[in-house]
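Structure data (mmCIF, N, CA and C atoms) from entry35.cif:
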```cif
data_coords
#
loop_
_atom_site.label_atom_id
_atom_site.label_comp_id
_atom_site.auth_asym_id
_atom_site.auth_seq_id
_atom_site.Cartn_x
_atom_site.Cartn_y
_atom_site.Cartn_z
N GLN L 1298 -8.86 -18.70 -3.27
CA GLN L 1298 -8.87 -17.42 -2.57
C GLN L 1298 -7.48 -16.78 -2.67
N VAL L 1299 -7.44 -15.55 -3.14
CA VAL L 1299 -6.18 -14.84 -3.27
C VAL L 1299 -5.80 -14.25 -1.92
N GLN L 1300 -4.56 -14.46 -1.52
CA GLN L 1300 -4.08 -13.91 -0.25
C GLN L 1300 -3.05 -12.82 -0.50
N LEU L 1301 -3.32 -11.67 0.07
CA LEU L 1301 -2.36 -10.58 0.10
C LEU L 1301 -1.97 -10.39 1.57
N VAL L 1302 -0.69 -10.46 1.86
CA VAL L 1302 -0.24 -10.42 3.25
C VAL L 1302 0.65 -9.21 3.47
N GLU L 1303 0.15 -8.26 4.27
CA GLU L 1303 0.92 -7.05 4.58
C GLU L 1303 1.77 -7.26 5.83
N SER L 1304 2.85 -6.50 5.89
CA SER L 1304 3.68 -6.47 7.08
C SER L 1304 4.45 -5.16 7.10
N GLY L 1305 5.03 -4.84 8.25
CA GLY L 1305 5.90 -3.68 8.33
C GLY L 1305 5.31 -2.49 9.07
N GLY L 1306 4.07 -2.58 9.51
CA GLY L 1306 3.49 -1.47 10.25
C GLY L 1306 4.09 -1.36 11.64
N GLY L 1307 3.72 -0.29 12.34
CA GLY L 1307 4.22 -0.11 13.69
C GLY L 1307 4.09 1.33 14.14
N LEU L 1308 4.79 1.62 15.23
CA LEU L 1308 4.79 2.95 15.82
C LEU L 1308 6.08 3.67 15.44
N VAL L 1309 5.94 4.90 14.96
CA VAL L 1309 7.10 5.68 14.56
C VAL L 1309 6.87 7.13 14.94
N GLN L 1310 7.94 7.84 15.21
CA GLN L 1310 7.84 9.26 15.55
C GLN L 1310 7.66 10.11 14.30
N PRO L 1311 7.06 11.28 14.43
CA PRO L 1311 6.96 12.18 13.28
C PRO L 1311 8.33 12.44 12.68
N GLY L 1312 8.36 12.43 11.35
CA GLY L 1312 9.62 12.59 10.63
C GLY L 1312 10.33 11.29 10.34
N GLY L 1313 9.86 10.21 10.93
CA GLY L 1313 10.49 8.92 10.73
C GLY L 1313 10.03 8.21 9.46
N SER L 1314 10.52 6.98 9.30
CA SER L 1314 10.22 6.19 8.10
C SER L 1314 9.76 4.79 8.47
N LEU L 1315 8.97 4.23 7.57
CA LEU L 1315 8.57 2.83 7.66
C LEU L 1315 8.47 2.29 6.24
N ARG L 1316 8.69 0.99 6.10
CA ARG L 1316 8.45 0.35 4.81
C ARG L 1316 7.45 -0.78 5.00
N LEU L 1317 6.34 -0.67 4.29
CA LEU L 1317 5.33 -1.71 4.30
C LEU L 1317 5.59 -2.69 3.16
N SER L 1318 5.30 -3.95 3.41
CA SER L 1318 5.45 -4.99 2.39
C SER L 1318 4.13 -5.69 2.17
N CYS L 1319 3.91 -6.12 0.94
CA CYS L 1319 2.70 -6.88 0.60
C CYS L 1319 3.13 -8.06 -0.25
N ALA L 1320 3.03 -9.25 0.30
CA ALA L 1320 3.34 -10.47 -0.44
C ALA L 1320 2.11 -10.92 -1.20
N ALA L 1321 2.30 -11.19 -2.49
CA ALA L 1321 1.17 -11.56 -3.35
C ALA L 1321 1.58 -12.70 -4.28
N PRO L 1322 0.61 -13.48 -4.74
CA PRO L 1322 0.93 -14.52 -5.71
C PRO L 1322 1.51 -13.92 -6.99
N ARG L 1323 2.43 -14.64 -7.61
CA ARG L 1323 3.04 -14.15 -8.83
C ARG L 1323 2.00 -13.92 -9.93
N SER L 1324 1.00 -14.75 -9.97
CA SER L 1324 -0.05 -14.61 -10.99
C SER L 1324 -0.81 -13.30 -10.84
N ILE L 1325 -0.90 -12.81 -9.63
CA ILE L 1325 -1.57 -11.53 -9.38
C ILE L 1325 -0.67 -10.37 -9.80
N LEU L 1326 0.58 -10.43 -9.38
CA LEU L 1326 1.50 -9.34 -9.67
C LEU L 1326 1.72 -9.17 -11.17
N SER L 1327 1.60 -10.24 -11.93
CA SER L 1327 1.85 -10.17 -13.36
C SER L 1327 0.68 -9.59 -14.14
N LEU L 1328 -0.45 -9.42 -13.49
CA LEU L 1328 -1.65 -9.00 -14.21
C LEU L 1328 -2.37 -7.82 -13.58
N TYR L 1329 -2.33 -7.73 -12.26
CA TYR L 1329 -3.15 -6.78 -11.54
C TYR L 1329 -2.42 -5.47 -11.26
N THR L 1330 -3.19 -4.40 -11.20
CA THR L 1330 -2.68 -3.14 -10.66
C THR L 1330 -2.65 -3.29 -9.14
N MET L 1331 -1.52 -3.00 -8.56
CA MET L 1331 -1.35 -3.11 -7.12
C MET L 1331 -1.46 -1.72 -6.49
N ALA L 1332 -2.06 -1.68 -5.31
CA ALA L 1332 -2.29 -0.39 -4.68
C ALA L 1332 -2.18 -0.50 -3.16
N TRP L 1333 -1.94 0.65 -2.56
CA TRP L 1333 -2.01 0.79 -1.11
C TRP L 1333 -3.11 1.80 -0.80
N TYR L 1334 -3.98 1.42 0.12
CA TYR L 1334 -5.02 2.29 0.64
C TYR L 1334 -4.79 2.46 2.14
N ARG L 1335 -5.45 3.44 2.71
CA ARG L 1335 -5.41 3.59 4.16
C ARG L 1335 -6.76 4.08 4.67
N GLN L 1336 -7.01 3.75 5.92
CA GLN L 1336 -8.24 4.19 6.56
C GLN L 1336 -7.94 4.62 7.99
N ALA L 1337 -8.16 5.89 8.24
CA ALA L 1337 -7.98 6.44 9.58
C ALA L 1337 -9.30 6.34 10.33
N PRO L 1338 -9.26 6.37 11.66
CA PRO L 1338 -10.49 6.27 12.46
C PRO L 1338 -11.49 7.35 12.07
N GLY L 1339 -12.72 6.95 11.81
CA GLY L 1339 -13.77 7.91 11.49
C GLY L 1339 -13.72 8.45 10.08
N LYS L 1340 -12.80 7.93 9.26
CA LYS L 1340 -12.68 8.42 7.89
C LYS L 1340 -12.87 7.29 6.89
N GLU L 1341 -13.14 7.67 5.65
CA GLU L 1341 -13.29 6.67 4.60
C GLU L 1341 -11.92 6.16 4.15
N ARG L 1342 -11.94 4.97 3.59
CA ARG L 1342 -10.71 4.43 3.03
C ARG L 1342 -10.30 5.26 1.82
N GLU L 1343 -9.01 5.57 1.71
CA GLU L 1343 -8.54 6.40 0.61
C GLU L 1343 -7.33 5.76 -0.06
N LEU L 1344 -7.21 6.04 -1.35
CA LEU L 1344 -6.08 5.55 -2.12
C LEU L 1344 -4.83 6.33 -1.73
N VAL L 1345 -3.76 5.62 -1.45
CA VAL L 1345 -2.48 6.24 -1.15
C VAL L 1345 -1.59 6.24 -2.39
N ALA L 1346 -1.45 5.08 -3.02
CA ALA L 1346 -0.61 4.96 -4.21
C ALA L 1346 -0.98 3.70 -4.96
N ASN L 1347 -0.76 3.71 -6.28
CA ASN L 1347 -0.94 2.49 -7.05
C ASN L 1347 0.10 2.41 -8.15
N MET L 1348 0.24 1.20 -8.67
CA MET L 1348 1.22 0.96 -9.73
C MET L 1348 0.69 -0.15 -10.63
N ASP L 1349 0.66 0.12 -11.94
CA ASP L 1349 0.17 -0.91 -12.86
C ASP L 1349 1.31 -1.82 -13.31
N ILE L 1350 0.98 -2.79 -14.14
CA ILE L 1350 2.00 -3.77 -14.53
C ILE L 1350 3.05 -3.15 -15.44
N GLY L 1351 2.75 -1.97 -16.00
CA GLY L 1351 3.74 -1.28 -16.81
C GLY L 1351 4.67 -0.41 -15.98
N GLY L 1352 4.42 -0.35 -14.68
CA GLY L 1352 5.26 0.44 -13.80
C GLY L 1352 4.81 1.87 -13.61
N ASN L 1353 3.66 2.23 -14.19
CA ASN L 1353 3.14 3.58 -14.00
C ASN L 1353 2.61 3.74 -12.58
N LYS L 1354 2.92 4.86 -11.96
CA LYS L 1354 2.59 5.07 -10.55
C LYS L 1354 1.73 6.31 -10.36
N ASN L 1355 0.85 6.24 -9.39
CA ASN L 1355 0.05 7.40 -8.99
C ASN L 1355 0.08 7.52 -7.48
N TYR L 1356 0.05 8.76 -7.01
CA TYR L 1356 0.08 9.02 -5.57
C TYR L 1356 -1.00 10.01 -5.19
N ALA L 1357 -1.51 9.86 -3.98
CA ALA L 1357 -2.38 10.88 -3.42
C ALA L 1357 -1.56 12.14 -3.20
N ASP L 1358 -2.18 13.29 -3.36
CA ASP L 1358 -1.46 14.55 -3.20
C ASP L 1358 -0.83 14.65 -1.81
N SER L 1359 -1.49 14.08 -0.83
CA SER L 1359 -1.03 14.21 0.55
C SER L 1359 0.27 13.45 0.82
N VAL L 1360 0.64 12.53 -0.07
CA VAL L 1360 1.85 11.73 0.17
C VAL L 1360 2.92 11.92 -0.91
N LYS L 1361 2.62 12.70 -1.93
CA LYS L 1361 3.59 12.91 -3.01
C LYS L 1361 4.89 13.48 -2.47
N GLY L 1362 5.99 12.89 -2.91
CA GLY L 1362 7.30 13.34 -2.47
C GLY L 1362 7.75 12.71 -1.16
N ARG L 1363 6.84 11.99 -0.49
CA ARG L 1363 7.20 11.35 0.78
C ARG L 1363 7.10 9.82 0.72
N PHE L 1364 6.15 9.32 -0.05
CA PHE L 1364 5.92 7.88 -0.15
C PHE L 1364 6.34 7.39 -1.54
N THR L 1365 6.80 6.15 -1.59
CA THR L 1365 7.18 5.54 -2.86
C THR L 1365 6.67 4.11 -2.92
N ILE L 1366 5.93 3.81 -3.98
CA ILE L 1366 5.46 2.44 -4.21
C ILE L 1366 6.42 1.76 -5.17
N SER L 1367 6.71 0.50 -4.89
CA SER L 1367 7.61 -0.25 -5.76
C SER L 1367 7.27 -1.73 -5.69
N ARG L 1368 7.89 -2.49 -6.57
CA ARG L 1368 7.64 -3.94 -6.55
C ARG L 1368 8.93 -4.69 -6.82
N ASP L 1369 9.04 -5.88 -6.26
CA ASP L 1369 10.16 -6.76 -6.50
C ASP L 1369 9.57 -8.06 -7.02
N ASN L 1370 9.59 -8.24 -8.33
CA ASN L 1370 8.95 -9.42 -8.91
C ASN L 1370 9.62 -10.72 -8.47
N ALA L 1371 10.92 -10.66 -8.21
CA ALA L 1371 11.63 -11.87 -7.77
C ALA L 1371 11.14 -12.33 -6.41
N LYS L 1372 10.69 -11.38 -5.60
CA LYS L 1372 10.22 -11.71 -4.25
C LYS L 1372 8.70 -11.71 -4.16
N ASN L 1373 8.03 -11.47 -5.29
CA ASN L 1373 6.56 -11.43 -5.31
C ASN L 1373 6.01 -10.48 -4.25
N THR L 1374 6.62 -9.30 -4.18
CA THR L 1374 6.29 -8.37 -3.11
C THR L 1374 6.16 -6.95 -3.66
N VAL L 1375 5.18 -6.24 -3.12
CA VAL L 1375 5.01 -4.81 -3.40
C VAL L 1375 5.33 -4.06 -2.10
N TYR L 1376 5.99 -2.92 -2.25
CA TYR L 1376 6.41 -2.15 -1.08
C TYR L 1376 5.78 -0.76 -1.08
N LEU L 1377 5.68 -0.19 0.10
CA LEU L 1377 5.36 1.22 0.25
C LEU L 1377 6.38 1.81 1.21
N GLN L 1378 7.32 2.55 0.66
CA GLN L 1378 8.31 3.25 1.47
C GLN L 1378 7.70 4.56 1.91
N MET L 1379 7.64 4.78 3.21
CA MET L 1379 7.02 5.99 3.76
C MET L 1379 8.08 6.77 4.53
N ASP L 1380 8.40 7.95 4.06
CA ASP L 1380 9.38 8.82 4.69
C ASP L 1380 8.71 10.11 5.17
N SER L 1381 9.39 10.82 6.03
CA SER L 1381 8.88 12.09 6.56
C SER L 1381 7.45 11.93 7.06
N LEU L 1382 7.23 10.91 7.83
CA LEU L 1382 5.87 10.60 8.28
C LEU L 1382 5.32 11.69 9.19
N LYS L 1383 4.01 11.89 9.06
CA LYS L 1383 3.31 12.89 9.83
C LYS L 1383 2.24 12.20 10.68
N THR L 1384 1.79 12.89 11.72
CA THR L 1384 0.76 12.31 12.57
C THR L 1384 -0.51 11.96 11.78
N GLU L 1385 -0.78 12.76 10.76
CA GLU L 1385 -1.98 12.52 9.95
C GLU L 1385 -1.85 11.30 9.03
N ASP L 1386 -0.69 10.68 8.99
CA ASP L 1386 -0.52 9.44 8.25
C ASP L 1386 -0.97 8.22 9.05
N THR L 1387 -1.29 8.44 10.31
CA THR L 1387 -1.76 7.35 11.16
C THR L 1387 -3.03 6.73 10.59
N ALA L 1388 -3.01 5.42 10.36
CA ALA L 1388 -4.15 4.73 9.75
C ALA L 1388 -3.83 3.24 9.68
N VAL L 1389 -4.83 2.47 9.32
CA VAL L 1389 -4.60 1.09 8.91
C VAL L 1389 -4.35 1.11 7.40
N TYR L 1390 -3.26 0.51 7.00
CA TYR L 1390 -2.87 0.49 5.59
C TYR L 1390 -3.19 -0.88 4.99
N TYR L 1391 -3.84 -0.84 3.82
CA TYR L 1391 -4.26 -2.07 3.14
C TYR L 1391 -3.59 -2.19 1.78
N CYS L 1392 -3.14 -3.36 1.48
CA CYS L 1392 -2.67 -3.69 0.14
C CYS L 1392 -3.86 -4.21 -0.66
N SER L 1393 -3.92 -3.86 -1.94
CA SER L 1393 -5.00 -4.36 -2.77
C SER L 1393 -4.52 -4.65 -4.18
N ALA L 1394 -5.26 -5.51 -4.85
CA ALA L 1394 -4.97 -5.86 -6.23
C ALA L 1394 -6.24 -5.69 -7.05
N HIS L 1395 -6.11 -5.03 -8.21
CA HIS L 1395 -7.28 -4.71 -9.01
C HIS L 1395 -7.05 -5.14 -10.45
N PHE L 1396 -8.09 -5.83 -11.01
CA PHE L 1396 -8.07 -6.18 -12.42
C PHE L 1396 -9.50 -6.29 -12.90
N THR L 1397 -9.89 -5.44 -13.78
CA THR L 1397 -11.27 -5.34 -14.30
C THR L 1397 -12.24 -5.31 -13.12
N VAL L 1398 -13.10 -6.29 -12.97
CA VAL L 1398 -14.09 -6.28 -11.88
C VAL L 1398 -13.58 -6.98 -10.63
N TYR L 1399 -12.37 -7.45 -10.67
CA TYR L 1399 -11.82 -8.21 -9.54
C TYR L 1399 -10.97 -7.32 -8.65
N THR L 1400 -11.21 -7.42 -7.36
CA THR L 1400 -10.43 -6.69 -6.37
C THR L 1400 -10.19 -7.59 -5.17
N TYR L 1401 -8.94 -7.63 -4.73
CA TYR L 1401 -8.57 -8.39 -3.55
C TYR L 1401 -7.91 -7.46 -2.54
N TRP L 1402 -8.13 -7.78 -1.26
CA TRP L 1402 -7.60 -6.95 -0.18
C TRP L 1402 -6.79 -7.79 0.80
N GLY L 1403 -5.78 -7.15 1.37
CA GLY L 1403 -5.08 -7.74 2.48
C GLY L 1403 -5.82 -7.45 3.78
N GLN L 1404 -5.25 -7.93 4.89
CA GLN L 1404 -5.93 -7.79 6.18
C GLN L 1404 -5.65 -6.44 6.83
N GLY L 1405 -4.67 -5.72 6.34
CA GLY L 1405 -4.33 -4.41 6.87
C GLY L 1405 -3.22 -4.47 7.90
N THR L 1406 -2.48 -3.38 7.99
CA THR L 1406 -1.43 -3.26 8.99
C THR L 1406 -1.49 -1.85 9.57
N GLN L 1407 -1.39 -1.75 10.89
CA GLN L 1407 -1.54 -0.46 11.57
C GLN L 1407 -0.24 0.33 11.51
N VAL L 1408 -0.37 1.60 11.13
CA VAL L 1408 0.74 2.55 11.18
C VAL L 1408 0.33 3.68 12.11
N THR L 1409 1.12 3.89 13.13
CA THR L 1409 0.85 4.96 14.08
C THR L 1409 2.04 5.90 14.13
N VAL L 1410 1.78 7.17 13.86
CA VAL L 1410 2.83 8.19 13.89
C VAL L 1410 2.54 9.09 15.08
N SER L 1411 3.41 9.00 16.07
CA SER L 1411 3.17 9.74 17.31
C SER L 1411 4.47 9.94 18.05
N SER L 1412 4.54 11.07 18.76
CA SER L 1412 5.72 11.32 19.59
C SER L 1412 5.48 10.83 21.01
#
```

I'd like the structure from this file rewritten - as structure tokens, please.
Amino acid sequence: QVQLVESGGGLVQPGGSLRLSCAAPRSILSLYTMAWYRQAPGKERELVANMDIGGNKNYADSVKGRFTISRDNAKNTVYLQMDSLKTEDTAVYYCSAHFTVYTYWGQGTQVTVSS
């Protein structure tokens, strides 16, 4: 069973920053496209950002210019740096790994943006 472990969520004021971390097995990071999704109450889960093994990145329009996905292969960790946070960014954030028909998910971490 592949384990993806997220951390770094919490409560932050609008305009603030948070960095989410996702620890993953090295074998996953070397092969899988890594992504961050989020799901707000009453809404469907949506893609926030992803990055393939070549380092190519994609972002949802709603987070472009504010969020940055990155990876540290030495630490077997993928990050989501979130700046200029807005109340509408409030959601549970999930780390995921995708390769062909295989997809793995983390347990999620809550991000709440509120004054």

Up to 8 Å from (4.1, -11.3, -3.0) in the file's coordinates: name the residues, counting all atoms listed in the file, as a PDB file with N, CA and C atoms, in the coordinates of the input.
```
ATOM      1  N   GLN L1300      -4.560 -14.460  -1.520  1.00  0.00           N
ATOM      2  CA  GLN L1300      -4.080 -13.910  -0.250  1.00  0.00           C
ATOM      3  C   GLN L1300      -3.050 -12.820  -0.500  1.00  0.00           C
ATOM      4  N   LEU L1301      -3.320 -11.670   0.070  1.00  0.00           N
ATOM      5  CA  LEU L1301      -2.360 -10.580   0.100  1.00  0.00           C
ATOM      6  C   LEU L1301      -1.970 -10.390   1.570  1.00  0.00           C
ATOM      7  N   VAL L1302      -0.690 -10.460   1.860  1.00  0.00           N
ATOM      8  CA  VAL L1302      -0.240 -10.420   3.250  1.00  0.00           C
ATOM      9  C   VAL L1302       0.650  -9.210   3.470  1.00  0.00           C
ATOM     10  N   SER L1318       5.300  -3.950   3.410  1.00  0.00           N
ATOM     11  CA  SER L1318       5.450  -4.990   2.390  1.00  0.00           C
ATOM     12  C   SER L1318       4.130  -5.690   2.170  1.00  0.00           C
ATOM     13  N   CYS L1319       3.910  -6.120   0.940  1.00  0.00           N
ATOM     14  CA  CYS L1319       2.700  -6.880   0.600  1.00  0.00           C
ATOM     15  C   CYS L1319       3.130  -8.060  -0.250  1.00  0.00           C
ATOM     16  N   ALA L1320       3.030  -9.250   0.300  1.00  0.00           N
ATOM     17  CA  ALA L1320       3.340 -10.470  -0.440  1.00  0.00           C
ATOM     18  C   ALA L1320       2.110 -10.920  -1.200  1.00  0.00           C
ATOM     19  N   ALA L1321       2.300 -11.190  -2.490  1.00  0.00           N
ATOM     20  CA  ALA L1321       1.170 -11.560  -3.350  1.00  0.00           C
ATOM     21  C   ALA L1321       1.580 -12.700  -4.280  1.00  0.00           C
ATOM     22  N   PRO L1322       0.610 -13.480  -4.740  1.00  0.00           N
ATOM     23  CA  PRO L1322       0.930 -14.520  -5.710  1.00  0.00           C
ATOM     24  C   PRO L1322       1.510 -13.920  -6.990  1.00  0.00           C
ATOM     25  N   ARG L1323       2.430 -14.640  -7.610  1.00  0.00           N
ATOM     26  CA  ARG L1323       3.040 -14.150  -8.830  1.00  0.00           C
ATOM     27  C   ARG L1323       2.000 -13.920  -9.930  1.00  0.00           C
ATOM     28  N   LEU L1326       0.580 -10.430  -9.380  1.00  0.00           N
ATOM     29  CA  LEU L1326       1.500  -9.340  -9.670  1.00  0.00           C
ATOM     30  C   LEU L1326       1.720  -9.170 -11.170  1.00  0.00           C
ATOM     31  N   ASP L1369       9.040  -5.880  -6.260  1.00  0.00           N
ATOM     32  CA  ASP L1369      10.160  -6.760  -6.500  1.00  0.00           C
ATOM     33  C   ASP L1369       9.570  -8.060  -7.020  1.00  0.00           C
ATOM     34  N   ASN L1370       9.590  -8.240  -8.330  1.00  0.00           N
ATOM     35  CA  ASN L1370       8.950  -9.420  -8.910  1.00  0.00           C
ATOM     36  C   ASN L1370       9.620 -10.720  -8.470  1.00  0.00           C
ATOM     37  N   ALA L1371      10.920 -10.660  -8.210  1.00  0.00           N
ATOM     38  CA  ALA L1371      11.630 -11.870  -7.770  1.00  0.00           C
ATOM     39  C   ALA L1371      11.140 -12.330  -6.410  1.00  0.00           C
ATOM     40  N   LYS L1372      10.690 -11.380  -5.600  1.00  0.00           N
ATOM     41  CA  LYS L1372      10.220 -11.710  -4.250  1.00  0.00           C
ATOM     42  C   LYS L1372       8.700 -11.710  -4.160  1.00  0.00           C
ATOM     43  N   ASN L1373       8.030 -11.470  -5.290  1.00  0.00           N
ATOM     44  CA  ASN L1373       6.560 -11.430  -5.310  1.00  0.00           C
ATOM     45  C   ASN L1373       6.010 -10.480  -4.250  1.00  0.00           C
ATOM     46  N   THR L1374       6.620  -9.300  -4.180  1.00  0.00           N
ATOM     47  CA  THR L1374       6.290  -8.370  -3.110  1.00  0.00           C
ATOM     48  C   THR L1374       6.160  -6.950  -3.660  1.00  0.00           C
ATOM     49  N   VAL L1375       5.180  -6.240  -3.120  1.00  0.00           N
ATOM     50  CA  VAL L1375       5.010  -4.810  -3.400  1.00  0.00           C
ATOM     51  C   VAL L1375       5.330  -4.060  -2.100  1.00  0.00           C
TER      52      VAL L1375
END
```

Pull the alpha helix (DSSP H) assignments for chain L out of DSSP run on the backbone, and list those residues as number ranges by chain. L: 1323-1326

Nearest to L:Val1389, chosen from L:Arg1368, L:Tyr1334, L:Asp1358, L:Asn1347, with all atoms listed in the file counted in the distances: L:Tyr1334

So which residues get picked by the PyMOL selection byres ((chain L and resi 1386) around 8) here, written as a PyMOL selection string? chain L and resi 1336-1337+1382-1385+1387-1389+1408-1410

Go ahead and write the residues just picked, N, CA and C atoms, as a PDB file, keeping the file's coordinate frame.
```
ATOM      1  N   GLN L1336      -7.010   3.750   5.920  1.00  0.00           N
ATOM      2  CA  GLN L1336      -8.240   4.190   6.560  1.00  0.00           C
ATOM      3  C   GLN L1336      -7.940   4.620   7.990  1.00  0.00           C
ATOM      4  N   ALA L1337      -8.160   5.890   8.240  1.00  0.00           N
ATOM      5  CA  ALA L1337      -7.980   6.440   9.580  1.00  0.00           C
ATOM      6  C   ALA L1337      -9.300   6.340  10.330  1.00  0.00           C
ATOM      7  N   LEU L1382       7.230  10.910   7.830  1.00  0.00           N
ATOM      8  CA  LEU L1382       5.870  10.600   8.280  1.00  0.00           C
ATOM      9  C   LEU L1382       5.320  11.690   9.190  1.00  0.00           C
ATOM     10  N   LYS L1383       4.010  11.890   9.060  1.00  0.00           N
ATOM     11  CA  LYS L1383       3.310  12.890   9.830  1.00  0.00           C
ATOM     12  C   LYS L1383       2.240  12.200  10.680  1.00  0.00           C
ATOM     13  N   THR L1384       1.790  12.890  11.720  1.00  0.00           N
ATOM     14  CA  THR L1384       0.760  12.310  12.570  1.00  0.00           C
ATOM     15  C   THR L1384      -0.510  11.960  11.780  1.00  0.00           C
ATOM     16  N   GLU L1385      -0.780  12.760  10.760  1.00  0.00           N
ATOM     17  CA  GLU L1385      -1.980  12.520   9.950  1.00  0.00           C
ATOM     18  C   GLU L1385      -1.850  11.300   9.030  1.00  0.00           C
ATOM     19  N   THR L1387      -1.290   8.440  10.310  1.00  0.00           N
ATOM     20  CA  THR L1387      -1.760   7.350  11.160  1.00  0.00           C
ATOM     21  C   THR L1387      -3.030   6.730  10.590  1.00  0.00           C
ATOM     22  N   ALA L1388      -3.010   5.420  10.360  1.00  0.00           N
ATOM     23  CA  ALA L1388      -4.150   4.730   9.750  1.00  0.00           C
ATOM     24  C   ALA L1388      -3.830   3.240   9.680  1.00  0.00           C
ATOM     25  N   VAL L1389      -4.830   2.470   9.320  1.00  0.00           N
ATOM     26  CA  VAL L1389      -4.600   1.090   8.910  1.00  0.00           C
ATOM     27  C   VAL L1389      -4.350   1.110   7.400  1.00  0.00           C
ATOM     28  N   VAL L1408      -0.370   1.600  11.130  1.00  0.00           N
ATOM     29  CA  VAL L1408       0.740   2.550  11.180  1.00  0.00           C
ATOM     30  C   VAL L1408       0.330   3.680  12.110  1.00  0.00           C
ATOM     31  N   THR L1409       1.120   3.890  13.130  1.00  0.00           N
ATOM     32  CA  THR L1409       0.850   4.960  14.080  1.00  0.00           C
ATOM     33  C   THR L1409       2.040   5.900  14.130  1.00  0.00           C
ATOM     34  N   VAL L1410       1.780   7.170  13.860  1.00  0.00           N
ATOM     35  CA  VAL L1410       2.830   8.190  13.890  1.00  0.00           C
ATOM     36  C   VAL L1410       2.540   9.090  15.080  1.00  0.00           C
TER      37      VAL L1410
END
```

Selection result of the PyMOL selection byres ((chain L and resi 1314) around 5) on this file, as a PyMOL selection string: chain L and resi 1312-1313+1315-1316+1379-1380

Using all atoms listed in the file, pick whichever of L:Ser1304, L:Ser1359, L:Thr1365, L:Ser1393 has the shortest atom-to-atom distance to L:Met1331.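 Closest candidate: L:Ser1393.
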
Using all atoms listed in the file: which of L:Arg1335, L:Val1398, L:Glu1303, L:Glu1343 has the shortest distance to L:Leu1317: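 Under the stated criterion, the closest residue is L:Glu1303.
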
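Atom CA of L:Gln1404 sits 22.5 Å away from atom CA of L:Ile1350.
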
Rounded to one decimal in Å, what is the spacing between atom C of L:Leu1328 and atom N of L:Gln1407?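 For atom C of L:Leu1328 relative to atom N of L:Gln1407, the distance reads 25.2 Å.
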
Using the chain letters and numbers from the file, which residues does the PyMOL selection byres ((chain L and resi 1346) around 5) grab, as an MDAnalysis selection string? chainID L and resid 1332:1333 1344:1345 1347:1348 1355:1357

Quick one: pick out all strand (DSSP E) residues within chain L from a backbone DSSP run and write them as a ChimeraX atom specification. /L:1302-1304,1307-1309,1315-1320,1330-1336,1343-1348,1354-1356,1364-1369,1374-1379,1388-1396,1399-1402,1406-1410

Please report the interatomic distance between atom CA of L:Gln1298 and atom CA of L:Gly1351 in Å with one decimal.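 Result for atom CA of L:Gln1298 versus atom CA of L:Gly1351: 24.9 Å, one decimal.
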
From the list L:Ser1381, L:Glu1341, L:Tyr1376, L:Asp1349, which residue is nearest L:Gly1362 when using only N, CA and C atoms?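 Between L:Ser1381, L:Glu1341, L:Tyr1376, L:Asp1349, the residue approaching L:Gly1362 most closely is L:Ser1381.
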
Each side padded by 3 Å, which centre and which edge lengths in Å (one decimal) define the axis-aligned box around the listed atoms of stretch 1333-1349 of chain L? Give them as AutoDock Vina command-line options.
```
--center_x -6.2 --center_y 3.3 --center_z -0.4 --size_x 21.1 --size_y 16.3 --size_z 31.8
```
